[in-house]
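Asker: Pasting a structure here, questions to come.
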Amino acid sequence: SPGLYIVATPIGNLGDITLRAVDVLRAAGAVACEDTRVTGKLLNHLGLKKRMIRYDDHAGEGDRERLLALMASEPVALVSDAGTPLISDPGYRLVKLARERDIPVTSLPGPNAAVMAMTLSGLPNDRFLFAGFLPNKAKAREDALSELAPVRATLIFYETAPRLEATLGAIGAVLPGREVAVARELTKRFEECRSGTPSELSSHYAAHPAKGEIVLLVAPPSDEPAEDVDVDAMLQAELA
Ligand code: SAM
């Protein structure tokens, strides 16, 4: 039925497309996507021919209005190049407007690099804070890390290979003593999740330059209990 369908797509392994994602893409009147070549490949792999409409970081009011008009009469799927739309990807303004106008919005769960890295890293997961990409400039990056220093949660960042070295340096300086995990090329052939201190990881990647896509995780301050939280015991204590 008409409306907006947010469809998560694979982050490297085409086998991770969900059955429901295929159904919704098949039924869609149009697919809004960041890059028609990237999404064209996915649709092709699924044997689907669809009208694709570009919706990327540069999209403006006009692009949104056109898509919102379509959604009133047919199902419109929103995908990004990889993973869950809106998560460090376009879509937020579109969803906000659709909701304001009472257009039905559905989101299909699926691959997301941050959540996958969190589950893989072995770092505490009772509380985590997804902080997207750190700023590019050194000073802004350090300020962003200082602001996050007191947060009692595992921190999750998206990172790129060329910046990894600088970011590990900044974490070592601003968040001393924290364990860090580098989750790389998730779901792909050379998937890797490596943990250590920032300086251990720096020397490793100095010798073996990191390629591909990276999620960086930083353990909470050390007074954070690292064990699983016993929710039952907590509730019992509260009721007692
Ligand atoms: N929306 C996507 C998601 O749900 O994960 C994220 C899009 S963001 C523009 C791209 C960043 O996500 C990459 O720079 C990297 O930090 C992370 N990423 C995406 N795919 C990844 C993968 N297969 N392995 C590790 N990190 C990945």
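By order in the structure tokens, chains are A, B, ...; within a chain, residues start at 1; ligands start at 1, following the order shown.
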Return as a PyMOL selection string every polymer residue, whether protein, DNA or RNA, with at least one atom no more than 6 Å from an atom of ligand 1; count only C-alpha atoms and all ligand atoms.
Answerer: chain A and resi 11-12+82-85+87-89+112-114+158-160+183-187+213-215
Asker: From a DSSP pass on the backbone, collect the residues of stretch 29-231 of chain A flagged as alpha helix (DSSP H) and hand them back as an NGL selection string.
Answerer: :A and (36-45 or 61-71 or 92-100 or 113-121 or 138-148 or 161-174 or 198-207 or 231)
Asker: Please identify every residue of stretch 46-127 of chain A that has at least one atom no farther than 12 Å from an atom of stretch 188-212 of chain A, counting only C-alpha atoms, and for each give the shortest atom pair and the distance in Å to one decimal, arranged by chain then increasing number, as a tab-separated table.
Answerer:
```
residue	atom	partner	partner_atom	distance
A:Ala113	CA	A:Lys188	CA	11.7
A:Met116	CA	A:Cys193	CA	10.8
A:Ala117	CA	A:Cys193	CA	8.0
A:Met118	CA	A:Cys193	CA	10.4
A:Thr119	CA	A:Cys193	CA	10.8
A:Leu120	CA	A:Cys193	CA	7.3
A:Ser121	CA	A:Cys193	CA	6.6
A:Gly122	CA	A:Ser195	CA	8.9
A:Leu123	CA	A:Ser195	CA	9.4
```
Asker: So that I can see what lies close to A:Leu217, please list as a PyMOL selection string the residues with an atom at most 7 Å from it, counting only C-alpha atoms and leaving out residues fewer than 5 positions away in the same chain.
Answerer: chain A and resi 154-157+180-182
Asker: Which residue, A:Ala173, A:Ala161, A:Val105, A:Phe128, has the smallest gap to A:Arg141 when you use only C-alpha atoms?
Answerer: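 Of all the options, A:Ala173 lies closest to A:Arg141.
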Asker: For A:Leu67, list every protein, DNA or RNA residue within 9 Å, evaluated using only C-alpha atoms, and leave out those in the same chain fewer than 2 positions away; present the list as a JSON list (two decimals) with C-alpha atoms, in the first residue's frame.
Answerer:
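Below you can see around05.json, which holds the result:
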```
[["chain", "number", "residue", "atom", "x", "y", "z"],
["A", 30, "ALA", "CA", 9.79, 3.71, -7.03],
["A", 32, "ALA", "CA", 14.69, 6.39, -3.74],
["A", 53, "ILE", "CA", 14.96, 8.27, -8.01],
["A", 62, "GLY", "CA", 11.93, 19.97, -4.40],
["A", 63, "ASP", "CA", 13.30, 16.41, -4.35],
["A", 64, "ARG", "CA", 11.47, 15.71, -1.11],
["A", 65, "GLU", "CA", 8.18, 17.15, -2.34],
["A", 69, "ALA", "CA", 3.71, 13.30, -3.73],
["A", 70, "LEU", "CA", 4.52, 9.82, -5.06],
["A", 71, "MET", "CA", 4.11, 8.22, -1.62],
["A", 72, "ALA", "CA", 0.53, 9.43, -1.47],
["A", 76, "VAL", "CA", 8.10, 4.27, -2.24],
["A", 94, "LEU", "CA", 12.08, 12.87, 4.34]]
```
Asker: Please provide as a list in words all residues within 12 Å of A:Pro150, with the sequence filter that same-chain residues fewer than 6 positions apart are discarded (counting only C-alpha atoms).
Answerer: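 The contact residues come out as Leu129, Ala144, Val174, Leu175, Ala219, Pro220, Pro221, Ser222, Asp223 and Glu224 of chain A.
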Asker: What residues in stretch 31-158 of chain A get the DSSP label strand (DSSP E)? Please answer as a VMD selection string.
Answerer: chain A and resid 31 to 33 52 to 54 75 to 78 105 to 108 128 to 133 154 to 158
Asker: What does the distance from atom CA of A:Leu48 to atom CA of A:Arg26 come to in Å, to one decimal?
Answerer: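 For atom CA of A:Leu48 relative to atom CA of A:Arg26, the distance reads 6.6 Å.
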Asker: To one decimal place, how far is atom CA of A:Ala170 from atom CA of A:Ala138 in Å?
Answerer: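 Those two atoms sit 8.0 Å apart.
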Asker: Write out as a ChimeraX atom specification the residues lying within 10 Å of A:Val22, counting only C-alpha atoms and excluding same-chain residues fewer than 4 positions away.
Answerer: /A:7,9,17-18,26-28,43,46-48
Asker: Include N, CA and C atoms and write out the residues we just selected as a tab-separated table (two decimals), in the first residue's frame.
Answerer:
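For reference, part-v7.tsv as written:
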```tsv
chain	number	residue	atom	x	y	z
A	7	VAL	N	14.14	0.76	3.82
A	7	VAL	CA	14.60	-0.61	3.59
A	7	VAL	C	16.11	-0.73	3.82
A	9	THR	N	19.65	-2.49	3.55
A	9	THR	CA	20.25	-3.37	2.52
A	9	THR	C	21.62	-3.86	3.03
A	17	ILE	N	20.33	-9.54	2.59
A	17	ILE	CA	19.05	-8.88	2.28
A	17	ILE	C	17.95	-9.72	2.92
A	18	THR	N	16.95	-9.07	3.51
A	18	THR	CA	15.90	-9.87	4.15
A	18	THR	C	14.80	-10.23	3.15
A	26	ARG	N	10.08	-5.34	-4.42
A	26	ARG	CA	9.32	-5.83	-5.58
A	26	ARG	C	8.02	-5.06	-5.74
A	27	ALA	N	7.39	-4.73	-4.61
A	27	ALA	CA	6.09	-4.06	-4.66
A	27	ALA	C	6.21	-2.55	-4.87
A	28	ALA	N	7.43	-2.00	-4.68
A	28	ALA	CA	7.60	-0.55	-4.71
A	28	ALA	C	7.31	0.02	-6.09
A	43	LEU	N	19.35	-4.24	-7.22
A	43	LEU	CA	18.07	-4.59	-7.83
A	43	LEU	C	18.28	-5.64	-8.93
A	46	LEU	N	18.68	-8.95	-7.57
A	46	LEU	CA	17.41	-9.50	-7.10
A	46	LEU	C	16.45	-9.76	-8.26
A	47	GLY	N	16.89	-9.44	-9.48
A	47	GLY	CA	16.05	-9.65	-10.65
A	47	GLY	C	14.91	-8.65	-10.75
A	48	LEU	N	15.11	-7.44	-10.20
A	48	LEU	CA	14.05	-6.44	-10.21
A	48	LEU	C	14.43	-5.26	-11.11
```
